[in-house]
Amino acid sequence: MGAELITKRRLEAHKARRWREGGVKGILFLCALLSIVTTFSVIYILARESYTFFERVPVFDFLFGTRWTPLLEPRSFGVLPLFCGTLLIVVGSALIAVPIGLASAIYLSEYASERVRSVLKPILEVLAGIPTVVYGYFALTSITPLLRQVFEDTQVFNAASGAIVVAIMVLPMVASLCDDAIRAVPTSTRMAAYSMGATKYEVVAQVVVPGALSGIIASFVLAISRAFGETMAVTLAAGATPRITLNPLESIQTMTAYIVQVSLGDTPAGGIEYQTIFAVGALLFIVTFGMNIIAHKVLRRFREVYE
Amino acid sequence: MVNGIIETEKLSISYWGKPAVKEVTATFLENDITAIIGPSGCGKSTLIRAFNRMNDFIPGVSTGGQVLFHGTSLYRKDLDPVEVRRRIGMVFQKPNPFPKSVFRNVSWGPAINGYKGNLDELVETSLRQAALWDEVKDRLGDSALDLSGGQQQRLCIARALAMEPEVILFDEPCSALDPASTARIEDLMIELKKNYTQIIVTHNMQQAARVSDKTLFIDGGVMVEYGETEQVFTRPSEQRTEDYVTGRFG
Amino acid sequence: MKSGLRMIGGNIRQRRTFSRIFRYVCGAFTWLAVVLLAVLLIQITRQGLGWVDWQFLTSYPSRFVEQAGIKAALFGSLWLITLTAFFSIPIGVATAIYLEEYAPKNRLSSFIEINIANLAGVPSIVYGILGLTLFVRWLAFDRSLLSGSLTMTLLILPIIIIASREAIRAVPDSIRQAAFALGATRWQTVRHHVLPAALPGILTGVILAMSRAIGETAPLVMIGALTYVAFVPESLMDPFTALPIQIFNWAARPQKGFHSIAAAGIIVLLAVLLLMNALAVYIRYRSQRKRQW
């Protein structure tokens with residue numbers, strides 16, 4: 001009977017099966033490779049088109065110039081106004097979303113009962129699932145009028161409106177990641193703190209949160225990265241005026257809003273105005289990509305510590 | 001050397017360089033029930049998993065020496081492990097039926113291997129051999145997960161039997177079961193002796209004494225003693241064996 | 001400020017009161033999210049619900065607010081997610097299967113994993129730039145449904161992959177071991193045991209990815225989805241518009257009247273999303289009932 005194991009017929013059956021298994025594995029592998037192809041395509045396209053752009057406009061002028069008028073004469077290609085506009089949104093939204101998100105996470109993980117949690121967490125998920133164009137509309141039609149009532153010199157398009165809705169958009173992400181980070185701190189650590197006669201506030205704020213700190217910081221970085229890339233809300237609400245300013249009540253333009261503006265217009269492909277899309281896009285990509293990598297590295301190390 | 005159905009020659013298995021089984025040489029005869037006993041972590045499971053190449057799934061494993069099945073090496077380069085597992089079946093410690101119907105659990109193995117005969121008959125025969133038919137014959141379409149623990153384990157045995165293997169490996173099959181179910185499975189194993197060779201890993205020495213013809217005692221990866229069960233338990237030739245079976249350690 | 005855990009004499013009542021205040025502050029911030037959501041929904045409903053009627057759903061856009069409708073955008077979106085699902089589900093699930101069941105633990109595999117995590121964080125407008133250059137220009141698909149759906153596929157692929165991986169990982173290993181011990185090959189095990197068991201999780205992930213796709217505007221703007229479309233697309237290569245694009249177009253108009261129908265459009269969009277998410281919840285619920293491990 002042992003000879004049966006290796007009769008010729010069975011050897012051929014092995015071969016056929018081996019080919020099929022190998023084929024399946026090969027197809028699956030190609031699908032997985034697609035993700036690498038995507039990343040390289042993005043990098044290649046941005047790099048190549050930016051390169052032609054930077055042959056005409058010196059990198060230094062681009063990065064540090066303070067006038068952005070690529071479509072009107074006299075042309076100027078300093079990206080600082082756009083970057084400043086984006087920064088205003090990012091900082092503004094972070095100032096709102098970070099404390100609220102962290103506070104929510106603390107409440108949800110340390111104080112809220114299971115019932116409350118089961119109501120609040122889905123609500124946060126709903127907030128996260130609302131399309132950004134809806135937030136843009138909300139900013140334009142509800143928040144801006146409100147701001148204009150309180151601060152009379154608010155312009156119709158202003159950075160504050162954009163920053164507020166971006167904060168709402170980013171809030172669920174911060175809350176969810178901070179919640180995960182706080183829950184990763186072992187119960188034994190908390191028990192040790194309580195056993196020394198600390199109040200709940202002291203345990204949470206002085207032991208648990210510091211213990212979850214790198215996870216919390218990673219969530220902030222990811223939120224900021226997301227705010228950098230936000231497009232539709234700021235296009236609708238924050239304006240189309242590239243300007244270097246610290247006043248959130250004024251109209252500005254973000255990098256993303258600029259890219260939308262050019263796409264909606266009739267700029268011919270190949271012209272230098274068209275290529276500004278890629279230069280600005282490349283800057284955007286580098287900033288967000290860099291922040292994501294940092295955040296993930298921090299997150300991974302945080303998880304290693306607690307697992 | 002007598003021609004056994006499975007023979008090992010200086011079988012050594014290690015994980016990432018750490019040895020788990022060291023140069024075990026043994027012959028298992030057809031239609032025997034062999035018990036492999038030893039303290040926790042002695043390498044029993046590793047040893048038995050070498051016989052159906054389930055060790056292949058563990059990263060960092062390396063296997064030295066020989067395992068022969070009817071005189072042919074199980075680790076030959078051109079031998080597909082899938083082939084091995086069709087002739088040498090396994091029942092696991094915790095019952096692990098598929099989340100499918102009772103019928104499908106038993107019929108799936110043969111079906112994917114191109115079984116050309118009557119599946120209904122095969123399922124009934126296997127369930128009868130596993131002493132489960134009377135309890136499930138009206139419930140073949142029910143989910144296997146609705147059965148009790150003991151029934152699930154017998155279902156797993158039926159599932160292995162449906163492949164018509166020559167050898168069945170049991171990796172502590174009763175450790176998750178109650179005494180009544182254990183007794184039923186032990187009776188079952190003695191019934192199966194007629195047609196199958198069985199190797200059973202167990203840490204329950206009374207079970208080994210009740211059920212097996214031969215016993216292999218392994219400790220720290222080294223085969224200490226291998227002989228007729230009665231002899232190993234009552235007149236062991238090694239001091240360590242005697243210490244273990246009398247409960248002085250392990 | 002007290003440091004560490006040292007009890008410095010201090011008034012216990014004072015500390016307890018502070019602790020209670022802290023709790024209320026955190027709670028208030030959390031419920032703020034609920035309030036914001038309520039305000040958002042109420043405002044939009046007030047502004048738009050009156051405009052949602054059969055005429056709205058079956059007309060094409062127009063310069064006149066009373067006659068404008070969302071038909072082209074609705075059909076465009078439906079076409080778009082159908083095509084996107086067609087492309088993204090097989091590739092996404094296949095990638096997840098490869099990474100969980102087949103990939104050796106080497107540097108290439110980690111590289112792929114890191115890649116996917118990074119792609120998930122790339123701004124959607126960058127995907128728009130990618131789609132514009134790759135599909136509209138280089139492959140000359142022009143500003144068609146094909147370009148749009150391919151771009152969307154790339155955008156949501158990381159979501160599907162990550163969700164599918166978790167679903168596959170949740171399948172207990174004992175099932176696989178049992179199948180292997182019967183002499184099954186890896187693919188047979190995956191096809192007959194792992195995939196069916198992981199299916200509810202995968203489906204939930206797919207629906208969530210589609211919800212994301214239906215609301216995305218920026219990439220479609222980049223590849224040139226038109227904003228004044230007076231027809232329903234009929235083939236892959238037709239130009240098209242989509243719900244978020246139409247909403248964006250109306251919201252961006254200076255005339256207040258268009259803001260109302262923008263709100264109406266949002267209600268339609270949110271209704272579609274609600275349906276999809278309800279479906280996901282239903283699938284998850286049904287699978288919990290049947291799950292027995």
# chains A, B, ... in the order shown; residues from 1 in each chain; ligands from 1
call {"tool": "interface_residues", "arguments": {"of": "chain C", "to": "chain A", "cutoff": "6 Å", "atoms": "only C-alpha atoms", "output": "list of chain:residue names"}}
result
C:Ser19, C:Cys26, C:Gly27, C:Phe29, C:Thr30, C:Ile91, C:Ala94, C:Thr95, C:Tyr98, C:Pro123, C:Leu130, C:Gly215, C:Met222
call {"tool": "write_last_selection", "arguments": {"atoms": "C-alpha atoms", "output": "tab-separated table (two decimals), in the first residue's frame"}}
result
chain	number	residue	atom	x	y	z
C	19	SER	CA	-12.37	65.19	40.48
C	26	CYS	CA	-15.22	65.59	30.08
C	27	GLY	CA	-18.82	64.44	29.88
C	29	PHE	CA	-17.39	67.80	25.86
C	30	THR	CA	-18.50	64.36	24.82
C	91	ILE	CA	-8.74	43.09	-5.69
C	94	ALA	CA	-7.64	39.01	-2.83
C	95	THR	CA	-4.98	41.24	-1.28
C	98	TYR	CA	-2.79	36.94	0.29
C	123	PRO	CA	-5.56	62.95	1.03
C	130	LEU	CA	-3.33	60.34	-9.71
C	215	GLY	CA	-19.55	60.86	-0.42
C	222	MET	CA	-10.08	66.41	-10.36
call {"tool": "interface_residues", "arguments": {"of": "chain B", "to": "chain A", "cutoff": "12 Å", "atoms": "only C-alpha atoms", "output": "list of chain:residue names"}}
result
B:Asn3, B:Gly4, B:Ile5, B:Ile6, B:Leu68, B:Phe69, B:His70, B:Gly71, B:Thr72, B:Ser73, B:Leu74, B:Arg76, B:Asp78, B:Leu79, B:Asp80, B:Pro81, B:Val82, B:Glu83, B:Val84, B:Arg85, B:Arg86, B:Arg87, B:Ile88, B:Ile112, B:Asn113, B:Gly114, B:Pro165, B:Glu166
call {"tool": "write_last_selection", "arguments": {"atoms": "C-alpha atoms", "output": "PDB file, in the first residue's frame"}}
result
ATOM      1  CA  ASN B   3       8.505  -3.897   9.079  1.00  0.00           C
ATOM      2  CA  GLY B   4       6.169  -1.523  10.805  1.00  0.00           C
ATOM      3  CA  ILE B   5       3.682   0.799   9.157  1.00  0.00           C
ATOM      4  CA  ILE B   6       5.491   3.879  10.530  1.00  0.00           C
ATOM      5  CA  LEU B  68       9.162   6.148   7.003  1.00  0.00           C
ATOM      6  CA  PHE B  69       5.643   5.181   6.028  1.00  0.00           C
ATOM      7  CA  HIS B  70       5.576   1.702   4.491  1.00  0.00           C
ATOM      8  CA  GLY B  71       9.268   2.130   3.968  1.00  0.00           C
ATOM      9  CA  THR B  72       9.020   5.440   2.078  1.00  0.00           C
ATOM     10  CA  SER B  73      10.219   8.671   3.621  1.00  0.00           C
ATOM     11  CA  LEU B  74       7.409  11.080   4.480  1.00  0.00           C
ATOM     12  CA  ARG B  76      10.773  13.260   0.447  1.00  0.00           C
ATOM     13  CA  ASP B  78       8.703  15.318  -4.254  1.00  0.00           C
ATOM     14  CA  LEU B  79       6.042  14.141  -1.818  1.00  0.00           C
ATOM     15  CA  ASP B  80       3.191  16.589  -1.341  1.00  0.00           C
ATOM     16  CA  PRO B  81       2.233  16.852   2.350  1.00  0.00           C
ATOM     17  CA  VAL B  82      -1.389  16.893   1.207  1.00  0.00           C
ATOM     18  CA  GLU B  83      -0.914  13.286   0.099  1.00  0.00           C
ATOM     19  CA  VAL B  84       0.503  12.367   3.483  1.00  0.00           C
ATOM     20  CA  ARG B  85      -2.440  13.834   5.338  1.00  0.00           C
ATOM     21  CA  ARG B  86      -4.890  11.845   3.277  1.00  0.00           C
ATOM     22  CA  ARG B  87      -3.420   8.590   4.472  1.00  0.00           C
ATOM     23  CA  ILE B  88      -2.591   9.650   8.008  1.00  0.00           C
ATOM     24  CA  ILE B 112     -12.624  17.843  -2.223  1.00  0.00           C
ATOM     25  CA  ASN B 113     -10.380  14.873  -2.806  1.00  0.00           C
ATOM     26  CA  GLY B 114     -12.518  13.752  -5.702  1.00  0.00           C
ATOM     27  CA  PRO B 165      -6.758   6.655   6.313  1.00  0.00           C
ATOM     28  CA  GLU B 166      -4.441   3.909   7.397  1.00  0.00           C
TER      29      GLU B 166
END
call {"tool": "closest_atom_pairs", "arguments": {"of": "chain C", "to": "chain B", "cutoff": "9 Å", "atoms": "only C-alpha atoms", "output": "Markdown table"}}
result
| residue | atom | partner | partner_atom | distance |
| --- | --- | --- | --- | --- |
| C:Ser174 | CA | B:Asn96 | CA | 6.1 |
| C:Ile175 | CA | B:Phe98 | CA | 6.2 |
| C:Gln177 | CA | B:Met54 | CA | 8.3 |
| C:Ala178 | CA | B:Asn96 | CA | 6.6 |
| C:Ala179 | CA | B:Gly109 | CA | 7.8 |
| C:Phe180 | CA | B:Arg85 | CA | 7.6 |
| C:Ala181 | CA | B:Arg85 | CA | 5.8 |
| C:Leu182 | CA | B:Gly109 | CA | 5.9 |
| C:Gly183 | CA | B:Arg85 | CA | 4.6 |
| C:Ala184 | CA | B:Val82 | CA | 6.3 |
| C:Thr185 | CA | B:Val82 | CA | 6.4 |
| C:Gln188 | CA | B:Ile112 | CA | 7.7 |
| C:His193 | CA | B:Phe98 | CA | 7.6 |
| C:Ala197 | CA | B:Pro99 | CA | 8.2 |
| C:Arg291 | CA | B:Pro99 | CA | 8.5 |
| C:Gln292 | CA | B:Leu145 | CA | 6.9 |
| C:Trp293 | CA | B:Leu145 | CA | 8.4 |
call {"tool": "closest_residue", "arguments": {"among": "A:Val174, A:Leu213, A:Met255, A:Met169", "to": "Thr276 in chain A", "atoms": "only C-alpha atoms"}}
result
A:Met255
call {"tool": "residues_around", "arguments": {"residues": "Arg169 in chain C", "least_positions_apart": "2", "cutoff": "10 Å", "atoms": "only C-alpha atoms", "output": "ChimeraX atom specification"}}
result
/C:96-97,100-101,163-167,171-173,194,198
call {"tool": "residues_around", "arguments": {"residues": "Met237 in chain C", "least_positions_apart": "6", "cutoff": "8 Å", "atoms": "only C-alpha atoms", "output": "PyMOL selection string"}}
result
chain C and resi 141-146
call {"tool": "write_last_selection", "arguments": {"atoms": "N, CA and C atoms", "output": "CSV table (one decimal), in the first residue's frame"}}
result
chain,number,residue,atom,x,y,z
C,141,PHE,N,-8.8,57.5,-21.0
C,141,PHE,CA,-10.2,57.2,-20.7
C,141,PHE,C,-11.0,58.4,-20.7
C,142,ASP,N,-10.4,59.5,-20.7
C,142,ASP,CA,-11.1,60.8,-20.7
C,142,ASP,C,-12.0,60.9,-19.4
C,143,ARG,N,-12.8,62.0,-19.3
C,143,ARG,CA,-13.5,62.2,-18.1
C,143,ARG,C,-14.7,61.3,-18.0
C,144,SER,N,-14.5,60.0,-17.9
C,144,SER,CA,-15.6,59.1,-18.0
C,144,SER,C,-15.9,58.4,-16.7
C,145,LEU,N,-17.0,57.6,-16.7
C,145,LEU,CA,-17.3,56.8,-15.6
C,145,LEU,C,-16.2,55.8,-15.2
C,146,LEU,N,-15.5,55.4,-16.3
C,146,LEU,CA,-14.5,54.4,-16.1
C,146,LEU,C,-13.3,55.0,-15.3
call {"tool": "residues_around", "arguments": {"residues": "Val206 in chain C", "least_positions_apart": "4", "cutoff": "10 Å", "atoms": "only C-alpha atoms", "output": "ChimeraX atom specification"}}
result
/C:85,88-89,92-93,156-157,159-161,163-164,200-202,210-212,280
call {"tool": "write_last_selection", "arguments": {"atoms": "N, CA and C atoms", "output": "PDB file, in the first residue's frame"}}
result
ATOM      1  N   ALA C  85     -17.428  49.058  -6.924  1.00  0.00           N
ATOM      2  CA  ALA C  85     -17.515  47.785  -6.200  1.00  0.00           C
ATOM      3  C   ALA C  85     -16.969  46.656  -7.067  1.00  0.00           C
ATOM      4  N   SER C  88     -13.135  47.061  -7.014  1.00  0.00           N
ATOM      5  CA  SER C  88     -12.392  47.077  -5.753  1.00  0.00           C
ATOM      6  C   SER C  88     -12.590  45.831  -4.910  1.00  0.00           C
ATOM      7  N   ILE C  89     -13.757  45.205  -4.966  1.00  0.00           N
ATOM      8  CA  ILE C  89     -13.991  44.056  -4.082  1.00  0.00           C
ATOM      9  C   ILE C  89     -13.055  42.883  -4.397  1.00  0.00           C
ATOM     10  N   GLY C  92      -9.404  43.938  -3.505  1.00  0.00           N
ATOM     11  CA  GLY C  92      -9.224  44.165  -2.077  1.00  0.00           C
ATOM     12  C   GLY C  92      -9.240  42.866  -1.287  1.00  0.00           C
ATOM     13  N   VAL C  93     -10.246  42.031  -1.557  1.00  0.00           N
ATOM     14  CA  VAL C  93     -10.347  40.778  -0.810  1.00  0.00           C
ATOM     15  C   VAL C  93      -9.163  39.861  -1.153  1.00  0.00           C
ATOM     16  N   ILE C 156     -10.513  53.637  -2.147  1.00  0.00           N
ATOM     17  CA  ILE C 156     -11.119  52.849  -1.069  1.00  0.00           C
ATOM     18  C   ILE C 156     -10.477  51.482  -0.883  1.00  0.00           C
ATOM     19  N   LEU C 157      -9.573  51.117  -1.776  1.00  0.00           N
ATOM     20  CA  LEU C 157      -8.933  49.798  -1.649  1.00  0.00           C
ATOM     21  C   LEU C 157      -8.323  49.567  -0.260  1.00  0.00           C
ATOM     22  N   ILE C 159      -9.224  50.636   2.564  1.00  0.00           N
ATOM     23  CA  ILE C 159     -10.278  50.389   3.556  1.00  0.00           C
ATOM     24  C   ILE C 159     -10.763  48.951   3.478  1.00  0.00           C
ATOM     25  N   ILE C 160     -10.988  48.502   2.246  1.00  0.00           N
ATOM     26  CA  ILE C 160     -11.484  47.130   2.075  1.00  0.00           C
ATOM     27  C   ILE C 160     -10.443  46.135   2.551  1.00  0.00           C
ATOM     28  N   ILE C 161      -9.176  46.402   2.201  1.00  0.00           N
ATOM     29  CA  ILE C 161      -8.128  45.461   2.578  1.00  0.00           C
ATOM     30  C   ILE C 161      -8.042  45.348   4.094  1.00  0.00           C
ATOM     31  N   ALA C 163     -10.263  46.075   6.445  1.00  0.00           N
ATOM     32  CA  ALA C 163     -11.425  45.434   7.061  1.00  0.00           C
ATOM     33  C   ALA C 163     -11.455  43.938   6.774  1.00  0.00           C
ATOM     34  N   SER C 164     -11.123  43.544   5.543  1.00  0.00           N
ATOM     35  CA  SER C 164     -11.137  42.120   5.195  1.00  0.00           C
ATOM     36  C   SER C 164     -10.094  41.360   5.988  1.00  0.00           C
ATOM     37  N   PRO C 200     -19.239  37.845   6.613  1.00  0.00           N
ATOM     38  CA  PRO C 200     -19.974  38.984   7.173  1.00  0.00           C
ATOM     39  C   PRO C 200     -19.062  40.177   7.451  1.00  0.00           C
ATOM     40  N   GLY C 201     -17.903  39.905   8.028  1.00  0.00           N
ATOM     41  CA  GLY C 201     -16.974  40.988   8.310  1.00  0.00           C
ATOM     42  C   GLY C 201     -16.514  41.670   7.043  1.00  0.00           C
ATOM     43  N   ILE C 202     -16.262  40.874   6.016  1.00  0.00           N
ATOM     44  CA  ILE C 202     -15.817  41.451   4.756  1.00  0.00           C
ATOM     45  C   ILE C 202     -16.927  42.317   4.156  1.00  0.00           C
ATOM     46  N   MET C 210     -17.883  51.581   0.522  1.00  0.00           N
ATOM     47  CA  MET C 210     -18.771  52.171  -0.480  1.00  0.00           C
ATOM     48  C   MET C 210     -19.413  53.457   0.051  1.00  0.00           C
ATOM     49  N   SER C 211     -19.720  53.477   1.356  1.00  0.00           N
ATOM     50  CA  SER C 211     -20.280  54.704   1.941  1.00  0.00           C
ATOM     51  C   SER C 211     -19.299  55.843   1.775  1.00  0.00           C
ATOM     52  N   ARG C 212     -18.047  55.534   1.977  1.00  0.00           N
ATOM     53  CA  ARG C 212     -17.022  56.542   1.827  1.00  0.00           C
ATOM     54  C   ARG C 212     -16.956  57.012   0.376  1.00  0.00           C
ATOM     55  N   ALA C 280     -25.329  47.345   6.634  1.00  0.00           N
ATOM     56  CA  ALA C 280     -24.130  46.820   7.295  1.00  0.00           C
ATOM     57  C   ALA C 280     -24.454  46.348   8.709  1.00  0.00           C
TER      58      ALA C 280
END
call {"tool": "residues_around", "arguments": {"residues": "Thr46 in chain B", "least_positions_apart": "5", "cutoff": "8 Å", "atoms": "only C-alpha atoms", "output": "list of chain:residue names"}}
result
B:Ile13, B:Ala20, B:Val21, B:Asn55
